[in-house]
>>> print(open('run34.csv').read())   # CSV, C-alpha atoms
chain,number,residue,atom,x,y,z
A,1,MET,CA,38.6,25.8,-33.3
A,2,PRO,CA,41.2,27.8,-31.5
A,3,LEU,CA,41.7,27.3,-27.8
A,4,ASP,CA,40.2,30.7,-27.0
A,5,GLU,CA,37.0,29.9,-28.8
A,6,VAL,CA,36.8,26.6,-26.9
A,7,ARG,CA,37.2,28.3,-23.6
A,8,VAL,CA,34.5,30.9,-24.5
A,9,ALA,CA,32.1,28.1,-25.6
A,10,GLU,CA,32.7,26.2,-22.3
A,11,TYR,CA,32.2,29.4,-20.3
A,12,LYS,CA,29.0,30.2,-22.1
A,13,ALA,CA,27.8,26.7,-21.5
A,14,ARG,CA,28.6,26.9,-17.8
A,15,LEU,CA,26.7,30.2,-17.5
A,16,ALA,CA,23.7,28.8,-19.3
A,17,GLU,CA,23.7,25.8,-17.0
A,18,ARG,CA,24.1,28.1,-14.0
A,19,GLU,CA,21.1,30.2,-15.1
A,20,ARG,CA,19.0,27.1,-15.7
A,21,THR,CA,19.8,25.7,-12.3
A,22,ILE,CA,19.1,28.9,-10.5
A,23,ARG,CA,15.8,29.4,-12.4
A,24,GLU,CA,14.7,25.9,-11.5
A,25,SER,CA,15.6,26.6,-7.9
A,26,TRP,CA,13.4,29.7,-7.9
A,27,VAL,CA,10.5,27.9,-9.5
A,28,ARG,CA,10.6,25.3,-6.7
A,29,THR,CA,10.7,28.0,-4.1
A,30,MET,CA,7.7,29.7,-5.6
A,31,GLU,CA,5.9,26.4,-5.7
A,32,ALA,CA,6.5,26.2,-1.9
A,33,LYS,CA,5.2,29.7,-1.6
A,34,LEU,CA,1.9,28.7,-3.4
A,35,VAL,CA,1.5,25.7,-1.1
A,36,ARG,CA,2.0,28.0,1.9
A,37,GLU,CA,-0.7,30.3,0.7
A,38,LYS,CA,-3.1,27.4,0.2
A,39,LEU,CA,-2.2,26.2,3.7
A,40,ASP,CA,-2.9,29.7,5.1
A,41,ARG,CA,-6.3,29.7,3.4
A,42,CYS,CA,-7.0,26.2,4.7
A,43,TYR,CA,-6.2,27.3,8.3
A,44,GLU,CA,-8.5,30.3,8.0
A,45,THR,CA,-11.4,28.3,6.5
A,46,GLU,CA,-11.2,25.2,8.6
A,47,GLY,CA,-10.8,26.9,11.9
A,48,VAL,CA,-10.6,24.5,14.8
A,49,ASN,CA,-10.4,21.4,12.6
A,50,HIS,CA,-7.4,22.7,10.7
A,51,ALA,CA,-5.1,20.1,12.2
A,52,GLU,CA,-6.9,17.2,10.5
A,53,SER,CA,-8.2,19.0,7.4
A,54,CYS,CA,-4.9,20.6,6.4
A,55,LYS,CA,-2.6,17.8,7.3
A,56,ASP,CA,-1.7,16.9,3.7
A,57,LEU,CA,-0.8,20.5,2.9
A,58,ARG,CA,1.2,20.9,6.0
A,59,GLU,CA,3.3,17.8,5.4
A,60,ARG,CA,3.8,18.8,1.7
A,61,TYR,CA,4.9,22.3,2.8
A,62,ILE,CA,7.4,20.9,5.3
A,63,ASP,CA,8.8,18.6,2.7
A,64,MET,CA,9.1,21.4,0.2
A,65,LEU,CA,10.9,23.6,2.8
A,66,ARG,CA,13.5,20.9,3.3
A,67,GLU,CA,14.1,20.2,-0.4
A,68,ASN,CA,13.4,23.5,-2.2
A,69,ARG,CA,15.9,26.0,-1.0
A,70,VAL,CA,17.3,28.6,-3.3
A,71,GLN,CA,21.0,27.9,-4.0
A,72,GLY,CA,23.2,30.5,-5.5
A,73,TYR,CA,25.7,29.9,-8.2
A,74,LYS,CA,28.6,29.3,-5.8
A,75,ASN,CA,27.0,26.0,-4.8
A,76,ILE,CA,26.6,25.0,-8.4
A,77,ASP,CA,30.2,25.6,-9.5
A,78,VAL,CA,32.0,24.0,-6.7
>>> encode(input="run34.csv", output="structure tokens")
Amino acid sequence: MPLDEVRVAEYKARLAERERTIRESWVRTMEAKLVREKLDRCYETEGVNHAESCKDLRERYIDMLRENRVQGYKNIDV
């Protein structure tokens, strides 16, 4: 393989990895959104007892907010 073809292949591989990473990041973000929606429904249905009844969802959502941030391609390539 000539050098140009190797560079093109490496570039395509890097772009594919970038797209995969960004897609996974968005999936995790959408999972957090779904948990937030469940948490909102739990708050509405439980009323006064939401602090006890929705504790597991609340903690899960907080953990997801810490971990599941969308990162752009600049963080991947550095």
>>> closest_residue(input="run34.csv", among="A:Pro2, A:Asp40, A:Ala32, A:Lys12", to="Arg66 (chain A)", atoms="all atoms listed in the file")
A:Ala32
>>> atom_distance(input="run34.csv", atom1="CA of Arg23 (chain A)", atom2="CA of Leu65 (chain A)")
17.0 Å
>>> atom_distance(input="run34.csv", atom1="CA of Arg58 (chain A)", atom2="CA of Glu44 (chain A)")
13.7 Å
>>> closest_residue(input="run34.csv", among="A:Ile62, A:Val70, A:Glu24, A:Glu10", to="Arg36 (chain A)", atoms="only C-alpha atoms")
A:Ile62
>>> atom_distance(input="run34.csv", atom1="CA of Arg18 (chain A)", atom2="CA of Leu34 (chain A)")
24.6 Å
>>> closest_residue(input="run34.csv", among="A:Leu57, A:Ala51, A:Val8, A:Ile22", to="Glu37 (chain A)", atoms="only C-alpha atoms")
A:Leu57
>>> closest_residue(input="run34.csv", among="A:Ala9, A:Leu15, A:Val27, A:Cys54", to="Cys42 (chain A)", atoms="only C-alpha atoms")
A:Cys54
>>> closest_residue(input="run34.csv", among="A:Thr29, A:Ala13, A:Arg20, A:Asp4", to="Arg69 (chain A)", atoms="all atoms listed in the file")
A:Thr29
>>> closest_residue(input="run34.csv", among="A:Val35, A:Ser25, A:Val48, A:Glu19", to="Glu67 (chain A)", atoms="only C-alpha atoms")
A:Ser25
>>> decode(input="run34.csv", residues="chain A", atoms="C-alpha atoms", output="compact mmCIF listing (two decimals), in the first residue's frame")
# COMPACT_ATOMS: atom_id res chain seq x y z
CA MET A 1 0.00 0.00 0.00
CA PRO A 2 1.28 3.43 -0.83
CA LEU A 3 1.71 5.92 1.96
CA ASP A 4 -1.31 8.00 0.89
CA GLU A 5 -3.62 5.00 1.09
CA VAL A 6 -2.34 4.23 4.58
CA ARG A 7 -3.03 7.79 5.68
CA VAL A 8 -6.51 7.71 4.17
CA ALA A 9 -7.25 4.41 5.93
CA GLU A 10 -5.99 5.79 9.26
CA TYR A 11 -8.08 8.93 8.78
CA LYS A 12 -11.21 6.92 7.99
CA ALA A 13 -10.60 4.72 11.03
CA ARG A 14 -10.20 7.81 13.22
CA LEU A 15 -13.44 9.30 11.88
CA ALA A 16 -15.30 6.05 12.45
CA GLU A 17 -14.02 5.87 16.03
CA ARG A 18 -14.98 9.51 16.57
CA GLU A 19 -18.52 8.91 15.31
CA ARG A 20 -18.88 5.78 17.47
CA THR A 21 -17.71 7.63 20.58
CA ILE A 22 -20.00 10.59 19.98
CA ARG A 23 -22.95 8.28 19.29
CA GLU A 24 -22.34 6.40 22.55
CA SER A 25 -22.09 9.70 24.38
CA TRP A 26 -25.48 10.79 23.02
CA VAL A 27 -27.05 7.44 23.90
CA ARG A 28 -25.89 7.81 27.51
CA THR A 29 -27.24 11.37 27.56
CA MET A 30 -30.63 10.21 26.28
CA GLU A 31 -30.67 7.49 28.96
CA ALA A 32 -30.23 10.22 31.56
CA LYS A 33 -33.10 12.11 29.95
CA LEU A 34 -35.35 9.05 30.26
CA VAL A 35 -34.42 8.66 33.93
CA ARG A 36 -35.23 12.33 34.48
CA GLU A 37 -38.65 11.85 32.89
CA LYS A 38 -39.30 8.85 35.18
CA LEU A 39 -38.18 10.97 38.12
CA ASP A 40 -40.60 13.76 37.13
CA ARG A 41 -43.45 11.25 36.92
CA CYS A 42 -42.47 9.82 40.29
CA TYR A 43 -42.50 13.31 41.87
CA GLU A 44 -45.94 13.97 40.43
CA THR A 45 -47.47 10.66 41.49
CA GLU A 46 -45.90 10.38 44.95
CA GLY A 47 -46.58 13.93 46.04
CA VAL A 48 -45.43 14.55 49.61
CA ASN A 49 -43.65 11.19 49.90
CA HIS A 50 -41.48 11.75 46.86
CA ALA A 51 -38.31 12.15 48.95
CA GLU A 52 -38.51 8.54 50.11
CA SER A 53 -40.24 6.91 47.16
CA CYS A 54 -38.10 8.43 44.41
CA LYS A 55 -34.75 8.26 46.18
CA ASP A 56 -33.30 5.53 43.94
CA LEU A 57 -34.25 7.40 40.76
CA ARG A 58 -32.89 10.66 42.15
CA GLU A 59 -29.53 9.11 43.03
CA ARG A 60 -29.32 7.31 39.69
CA TYR A 61 -30.05 10.57 37.84
CA ILE A 62 -27.41 12.47 39.79
CA ASP A 63 -24.83 9.78 39.01
CA MET A 64 -25.78 9.86 35.35
CA LEU A 65 -25.40 13.65 35.25
CA ARG A 66 -21.85 13.33 36.54
CA GLU A 67 -20.82 10.57 34.16
CA ASN A 68 -22.90 10.98 31.00
CA ARG A 69 -21.91 14.28 29.52
CA VAL A 70 -21.79 14.77 25.78
CA GLN A 71 -18.21 15.26 24.72
CA GLY A 72 -17.38 16.60 21.31
CA TYR A 73 -14.77 15.26 18.97
CA LYS A 74 -12.11 17.65 20.23
CA ASN A 75 -11.95 15.81 23.55
CA ILE A 76 -11.58 12.49 21.72
CA ASP A 77 -8.70 13.45 19.43
CA VAL A 78 -6.54 15.15 22.02
